[in-house]
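Undergrad: This is the content of data.cif (mmCIF, N, CA and C atoms):
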```cif
data_start
loop_
_atom_site.label_atom_id
_atom_site.label_comp_id
_atom_site.auth_asym_id
_atom_site.auth_seq_id
_atom_site.Cartn_x
_atom_site.Cartn_y
_atom_site.Cartn_z
N MET U 1 25.44 25.47 4.55
CA MET U 1 26.49 24.48 4.61
C MET U 1 26.07 23.26 5.42
N ASN U 2 25.27 23.47 6.46
CA ASN U 2 24.87 22.38 7.32
C ASN U 2 24.11 21.31 6.55
N SER U 3 23.21 21.71 5.65
CA SER U 3 22.42 20.72 4.91
C SER U 3 23.31 19.96 3.92
N ALA U 4 24.30 20.60 3.37
CA ALA U 4 25.24 19.91 2.47
C ALA U 4 26.01 18.85 3.26
N TYR U 5 26.46 19.21 4.44
CA TYR U 5 27.19 18.26 5.28
C TYR U 5 26.29 17.07 5.62
N GLU U 6 25.05 17.34 6.02
CA GLU U 6 24.13 16.27 6.39
C GLU U 6 23.86 15.34 5.21
N SER U 7 23.74 15.92 4.02
CA SER U 7 23.49 15.11 2.82
C SER U 7 24.69 14.20 2.53
N ILE U 8 25.88 14.77 2.64
CA ILE U 8 27.09 13.97 2.40
C ILE U 8 27.22 12.88 3.45
N ALA U 9 26.97 13.22 4.71
CA ALA U 9 27.07 12.25 5.79
C ALA U 9 26.06 11.11 5.60
N GLN U 10 24.85 11.46 5.18
CA GLN U 10 23.83 10.44 4.93
C GLN U 10 24.26 9.52 3.79
N GLY U 11 24.77 10.11 2.72
CA GLY U 11 25.22 9.31 1.59
C GLY U 11 26.37 8.39 1.96
N LEU U 12 27.28 8.88 2.76
CA LEU U 12 28.40 8.06 3.21
C LEU U 12 27.91 6.90 4.06
N GLN U 13 26.98 7.18 4.97
CA GLN U 13 26.44 6.11 5.81
C GLN U 13 25.71 5.07 4.97
N GLU U 14 24.96 5.51 3.96
CA GLU U 14 24.27 4.56 3.07
C GLU U 14 25.28 3.70 2.32
N ALA U 15 26.37 4.30 1.88
CA ALA U 15 27.40 3.54 1.17
C ALA U 15 28.04 2.50 2.08
N ILE U 16 28.31 2.88 3.32
CA ILE U 16 28.89 1.94 4.29
C ILE U 16 27.91 0.81 4.57
N ASP U 17 26.64 1.15 4.79
CA ASP U 17 25.63 0.12 5.04
C ASP U 17 25.49 -0.82 3.86
N LEU U 18 25.46 -0.27 2.65
CA LEU U 18 25.34 -1.09 1.45
C LEU U 18 26.53 -2.03 1.33
N ASN U 19 27.71 -1.53 1.57
CA ASN U 19 28.92 -2.34 1.49
C ASN U 19 28.90 -3.46 2.53
N ASP U 20 28.28 -3.20 3.68
CA ASP U 20 28.17 -4.21 4.74
C ASP U 20 27.03 -5.19 4.50
N GLY U 21 26.31 -5.03 3.39
CA GLY U 21 25.23 -5.95 3.05
C GLY U 21 23.90 -5.60 3.66
N LYS U 22 23.80 -4.42 4.26
CA LYS U 22 22.53 -4.00 4.87
C LYS U 22 21.64 -3.37 3.80
N LYS U 23 20.35 -3.41 4.06
CA LYS U 23 19.41 -2.77 3.14
C LYS U 23 19.46 -1.26 3.33
N VAL U 24 19.39 -0.54 2.21
CA VAL U 24 19.37 0.92 2.27
C VAL U 24 18.18 1.43 1.49
N ALA U 25 17.77 2.64 1.79
CA ALA U 25 16.61 3.23 1.12
C ALA U 25 16.92 3.59 -0.33
N ALA U 26 18.17 3.89 -0.61
CA ALA U 26 18.55 4.27 -1.97
C ALA U 26 18.40 3.09 -2.92
N LYS U 27 18.01 3.39 -4.16
CA LYS U 27 17.93 2.35 -5.17
C LYS U 27 19.33 2.06 -5.68
N THR U 28 19.66 0.79 -5.76
CA THR U 28 20.98 0.40 -6.26
C THR U 28 20.82 -0.67 -7.32
N HIS U 29 21.80 -0.76 -8.16
CA HIS U 29 21.81 -1.81 -9.19
C HIS U 29 23.22 -2.34 -9.31
N ARG U 30 23.35 -3.61 -9.14
CA ARG U 30 24.64 -4.25 -9.29
C ARG U 30 24.51 -5.31 -10.38
N PRO U 31 25.17 -5.08 -11.51
CA PRO U 31 25.09 -6.09 -12.57
C PRO U 31 25.67 -7.42 -12.08
N PRO U 32 25.14 -8.52 -12.56
CA PRO U 32 25.69 -9.82 -12.14
C PRO U 32 27.12 -10.00 -12.64
N HIS U 33 27.88 -10.80 -11.91
CA HIS U 33 29.23 -11.10 -12.35
C HIS U 33 29.17 -11.92 -13.63
N VAL U 34 30.21 -11.83 -14.43
CA VAL U 34 30.23 -12.52 -15.71
C VAL U 34 31.48 -13.38 -15.81
N ASP U 35 31.39 -14.40 -16.64
CA ASP U 35 32.55 -15.23 -16.96
C ASP U 35 33.14 -14.67 -18.25
N VAL U 36 34.16 -13.86 -18.11
CA VAL U 36 34.73 -13.14 -19.25
C VAL U 36 35.27 -14.11 -20.30
N ALA U 37 35.94 -15.16 -19.86
CA ALA U 37 36.51 -16.12 -20.82
C ALA U 37 35.39 -16.78 -21.64
N SER U 38 34.26 -17.10 -21.00
CA SER U 38 33.15 -17.72 -21.72
C SER U 38 32.57 -16.77 -22.76
N ILE U 39 32.46 -15.51 -22.40
CA ILE U 39 31.96 -14.51 -23.35
C ILE U 39 32.89 -14.45 -24.55
N ARG U 40 34.18 -14.36 -24.27
CA ARG U 40 35.18 -14.24 -25.34
C ARG U 40 35.16 -15.48 -26.23
N HIS U 41 35.16 -16.66 -25.60
CA HIS U 41 35.13 -17.91 -26.38
C HIS U 41 33.86 -18.01 -27.22
N GLY U 42 32.73 -17.57 -26.64
CA GLY U 42 31.46 -17.60 -27.37
C GLY U 42 31.48 -16.73 -28.61
N LEU U 43 32.29 -15.67 -28.58
CA LEU U 43 32.42 -14.80 -29.74
C LEU U 43 33.50 -15.28 -30.70
N GLY U 44 34.24 -16.30 -30.28
CA GLY U 44 35.30 -16.84 -31.14
C GLY U 44 36.47 -15.89 -31.32
N LEU U 45 36.78 -15.10 -30.27
CA LEU U 45 37.84 -14.11 -30.37
C LEU U 45 39.04 -14.50 -29.52
N THR U 46 40.22 -14.14 -29.97
CA THR U 46 41.41 -14.29 -29.15
C THR U 46 41.38 -13.21 -28.08
N GLN U 47 42.26 -13.33 -27.10
CA GLN U 47 42.33 -12.29 -26.07
C GLN U 47 42.66 -10.94 -26.69
N MET U 48 43.58 -10.91 -27.62
CA MET U 48 43.96 -9.64 -28.25
C MET U 48 42.80 -9.05 -29.04
N GLU U 49 42.07 -9.88 -29.78
CA GLU U 49 40.93 -9.39 -30.55
C GLU U 49 39.83 -8.85 -29.64
N PHE U 50 39.51 -9.60 -28.59
CA PHE U 50 38.46 -9.19 -27.66
C PHE U 50 38.83 -7.87 -26.99
N ALA U 51 40.05 -7.80 -26.50
CA ALA U 51 40.52 -6.58 -25.82
C ALA U 51 40.45 -5.39 -26.77
N SER U 52 40.87 -5.58 -27.99
CA SER U 52 40.88 -4.50 -28.97
C SER U 52 39.46 -4.04 -29.30
N LYS U 53 38.57 -4.99 -29.55
CA LYS U 53 37.20 -4.64 -29.95
C LYS U 53 36.44 -3.91 -28.85
N PHE U 54 36.72 -4.26 -27.59
CA PHE U 54 35.94 -3.68 -26.49
C PHE U 54 36.75 -2.70 -25.64
N CYS U 55 37.89 -2.25 -26.17
CA CYS U 55 38.70 -1.19 -25.54
C CYS U 55 39.13 -1.56 -24.12
N ILE U 56 39.59 -2.79 -23.97
CA ILE U 56 40.07 -3.30 -22.68
C ILE U 56 41.54 -3.65 -22.87
N SER U 57 42.36 -3.37 -21.88
CA SER U 57 43.77 -3.76 -22.02
C SER U 57 43.88 -5.27 -21.95
N VAL U 58 44.80 -5.84 -22.70
CA VAL U 58 44.99 -7.29 -22.72
C VAL U 58 45.39 -7.77 -21.32
N SER U 59 46.19 -6.99 -20.64
CA SER U 59 46.62 -7.36 -19.29
C SER U 59 45.42 -7.46 -18.35
N THR U 60 44.53 -6.49 -18.41
CA THR U 60 43.33 -6.51 -17.57
C THR U 60 42.47 -7.71 -17.92
N LEU U 61 42.28 -7.98 -19.20
CA LEU U 61 41.49 -9.13 -19.64
C LEU U 61 42.08 -10.42 -19.09
N ARG U 62 43.39 -10.56 -19.15
CA ARG U 62 44.04 -11.78 -18.64
C ARG U 62 43.82 -11.93 -17.13
N HIS U 63 43.90 -10.84 -16.40
CA HIS U 63 43.64 -10.90 -14.96
C HIS U 63 42.21 -11.34 -14.68
N TRP U 64 41.25 -10.82 -15.44
CA TRP U 64 39.86 -11.22 -15.26
C TRP U 64 39.69 -12.69 -15.55
N GLU U 65 40.29 -13.16 -16.64
CA GLU U 65 40.11 -14.55 -17.03
C GLU U 65 40.78 -15.51 -16.04
N ARG U 66 41.89 -15.09 -15.45
CA ARG U 66 42.57 -15.93 -14.45
C ARG U 66 41.87 -15.88 -13.10
N GLY U 67 41.06 -14.86 -12.89
CA GLY U 67 40.38 -14.70 -11.61
C GLY U 67 41.17 -13.91 -10.59
N ASP U 68 42.29 -13.32 -11.03
CA ASP U 68 43.09 -12.47 -10.13
C ASP U 68 42.31 -11.22 -9.75
N ARG U 69 41.52 -10.74 -10.69
CA ARG U 69 40.71 -9.53 -10.50
C ARG U 69 39.33 -9.80 -11.08
N THR U 70 38.39 -8.96 -10.70
CA THR U 70 37.05 -9.07 -11.27
C THR U 70 36.66 -7.71 -11.83
N PRO U 71 35.96 -7.72 -12.96
CA PRO U 71 35.50 -6.44 -13.51
C PRO U 71 34.46 -5.82 -12.59
N HIS U 72 34.47 -4.48 -12.55
CA HIS U 72 33.47 -3.77 -11.76
C HIS U 72 33.14 -2.45 -12.45
N GLY U 73 32.11 -1.80 -11.97
CA GLY U 73 31.72 -0.51 -12.52
C GLY U 73 31.35 -0.59 -13.99
N PRO U 74 31.77 0.40 -14.78
CA PRO U 74 31.42 0.45 -16.20
C PRO U 74 31.89 -0.78 -16.98
N ALA U 75 33.03 -1.34 -16.61
CA ALA U 75 33.52 -2.53 -17.32
C ALA U 75 32.56 -3.70 -17.12
N LEU U 76 32.07 -3.87 -15.90
CA LEU U 76 31.13 -4.95 -15.62
C LEU U 76 29.82 -4.73 -16.38
N ALA U 77 29.37 -3.49 -16.42
CA ALA U 77 28.16 -3.18 -17.17
C ALA U 77 28.35 -3.50 -18.66
N LEU U 78 29.48 -3.07 -19.22
CA LEU U 78 29.78 -3.35 -20.63
C LEU U 78 29.80 -4.85 -20.88
N LEU U 79 30.47 -5.60 -20.04
CA LEU U 79 30.57 -7.06 -20.24
C LEU U 79 29.21 -7.74 -20.15
N ASN U 80 28.33 -7.24 -19.29
CA ASN U 80 26.98 -7.80 -19.22
C ASN U 80 26.22 -7.55 -20.51
N VAL U 81 26.39 -6.37 -21.09
CA VAL U 81 25.73 -6.06 -22.36
C VAL U 81 26.33 -6.91 -23.47
N VAL U 82 27.65 -7.04 -23.48
CA VAL U 82 28.32 -7.87 -24.50
C VAL U 82 27.82 -9.31 -24.39
N ALA U 83 27.64 -9.81 -23.16
CA ALA U 83 27.16 -11.18 -22.97
C ALA U 83 25.76 -11.38 -23.55
N LYS U 84 24.93 -10.33 -23.45
CA LYS U 84 23.54 -10.45 -23.90
C LYS U 84 23.32 -10.01 -25.35
N GLU U 85 24.02 -8.99 -25.78
CA GLU U 85 23.82 -8.42 -27.11
C GLU U 85 25.15 -8.09 -27.80
N PRO U 86 25.98 -9.09 -28.03
CA PRO U 86 27.32 -8.81 -28.57
C PRO U 86 27.29 -8.10 -29.94
N LYS U 87 26.37 -8.50 -30.80
CA LYS U 87 26.32 -7.88 -32.12
C LYS U 87 25.98 -6.40 -32.04
N ALA U 88 25.06 -6.06 -31.16
CA ALA U 88 24.68 -4.64 -30.99
C ALA U 88 25.86 -3.84 -30.49
N VAL U 89 26.61 -4.37 -29.54
CA VAL U 89 27.77 -3.65 -29.01
C VAL U 89 28.82 -3.50 -30.10
N LEU U 90 29.08 -4.55 -30.85
CA LEU U 90 30.07 -4.48 -31.92
C LEU U 90 29.65 -3.45 -32.98
N ARG U 91 28.35 -3.40 -33.30
CA ARG U 91 27.87 -2.41 -34.25
C ARG U 91 28.06 -1.00 -33.69
N ALA U 92 27.73 -0.82 -32.44
CA ALA U 92 27.83 0.50 -31.82
C ALA U 92 29.27 0.99 -31.75
N LEU U 93 30.18 0.07 -31.50
CA LEU U 93 31.59 0.45 -31.38
C LEU U 93 32.28 0.57 -32.74
N GLY U 94 31.60 0.15 -33.78
CA GLY U 94 32.13 0.31 -35.13
C GLY U 94 33.05 -0.76 -35.50
#
```
Kindly present the structure from the file in structure tokens form.
TA:
Amino acid sequence: MNSAYESIAQGLQEAIDLNDGKKVAAKTHRPPHVDVASIRHGLGLTQMEFASKFCISVSTLRHWERGDRTPHGPALALLNVVAKEPKAVLRALG
């Protein structure tokens, strides 16, 4: 049990350090922020069409476009791929 605790404690400390902007030994990847409205406009889609095609709620999309919220995690990763390879994502999603 002691080694499990130490591993969890180390991971928590690395997460705190990373959040504080400190360098950590763990490899991390943070996709760049995206301009969701520009991506949508570039595809020539309405908010409803974009939300539907990429499985995003219209409300969430509107918050992103207004800047009230920012996409993070899997949504940010998806939007980065859509920005770079929209046709491939559309093909994959059917």
Undergrad: At what distance in Å, to one decimal, does CA of Pro32 (chain U) lie from atom N of Ile8 (chain U)?
TA: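 CA of Pro32 (chain U) lies 28.7 Å from atom N of Ile8 (chain U).
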Undergrad: Report, in Å to a single decimal, how far apart atom C of Gly44 (chain U) and atom N of Ala83 (chain U) are.
TA: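 Going from atom N of Ala83 (chain U) over to atom C of Gly44 (chain U), I get 13.5 Å.
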Undergrad: Evaluating the PyMOL selection byres (((chain U and resi 24-29 and name CA) around 12) and name CA) on the displayed file yields which residues, as a list of chain:residue names?
TA: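 Selection result, ordered by chain and number: U:Gln10, U:Gly11, U:Leu12, U:Gln13, U:Glu14, U:Ala15, U:Ile16, U:Asp17, U:Leu18, U:Asn19, U:Asp20, U:Gly21, U:Lys22, U:Lys23, U:Arg30, U:Pro31, U:Pro32, U:Gly73, U:Leu76, U:Ala77.
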Undergrad: Of the candidates U:Glu65, U:Leu78, U:His72, U:Arg91, which one gets nearest to Ser38 (chain U) if we count all atoms listed in the file?
TA: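 Closest to Ser38 (chain U) of all the choices is U:Glu65.
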Undergrad: Just checking: using only C-alpha atoms, which residue out of U:Leu79, U:Leu43, U:Val34, U:Ala9 ends up closest to Ile56 (chain U)?
TA: U:Leu79
Undergrad: Just to confirm, what's the straight-line distance from CA of Ala92 (chain U) to CA of Phe54 (chain U) in Å (one decimal)?
TA: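 Calculated distance between CA of Ala92 (chain U) and CA of Phe54 (chain U) is 10.6 Å.
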Undergrad: Determine which residues of region 17-76 of chain U receive a DSSP assignment of helix (DSSP H, G or I), computed from the backbone, and state them as JSON, numbers by chain.
TA: {"U": [17, 18, 19, 36, 37, 38, 39, 40, 41, 42, 43, 47, 48, 49, 50, 51, 52, 53, 58, 59, 60, 61, 62, 63, 64, 65, 66, 73, 74, 75, 76]}
Undergrad: Which residues are near Ala37 (chain U)? Cut-off 10 Å, only C-alpha atoms, ignore same chain within fewer than 6 positions. Put them as a list of chain:residue names.
TA: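 The contact residues come out as U:Leu43, U:Leu45, U:Thr46, U:Gln47, U:Phe50, U:Leu61, U:Arg62, U:Trp64, U:Glu65, U:Arg66.
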Undergrad: Between U:Asn80, U:Pro74, U:Ser59, U:Lys53, which is the closest to Leu93 (chain U) once you count only C-alpha atoms?
TA: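 The answer is U:Lys53, which sits nearest to Leu93 (chain U).
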Undergrad: Using only C-alpha atoms, which residue out of U:Val89, U:His33, U:Ser52, U:Arg40 lies closest to Pro71 (chain U)?
TA: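 Ranking U:Val89, U:His33, U:Ser52, U:Arg40 by distance to Pro71 (chain U), first place goes to U:His33.
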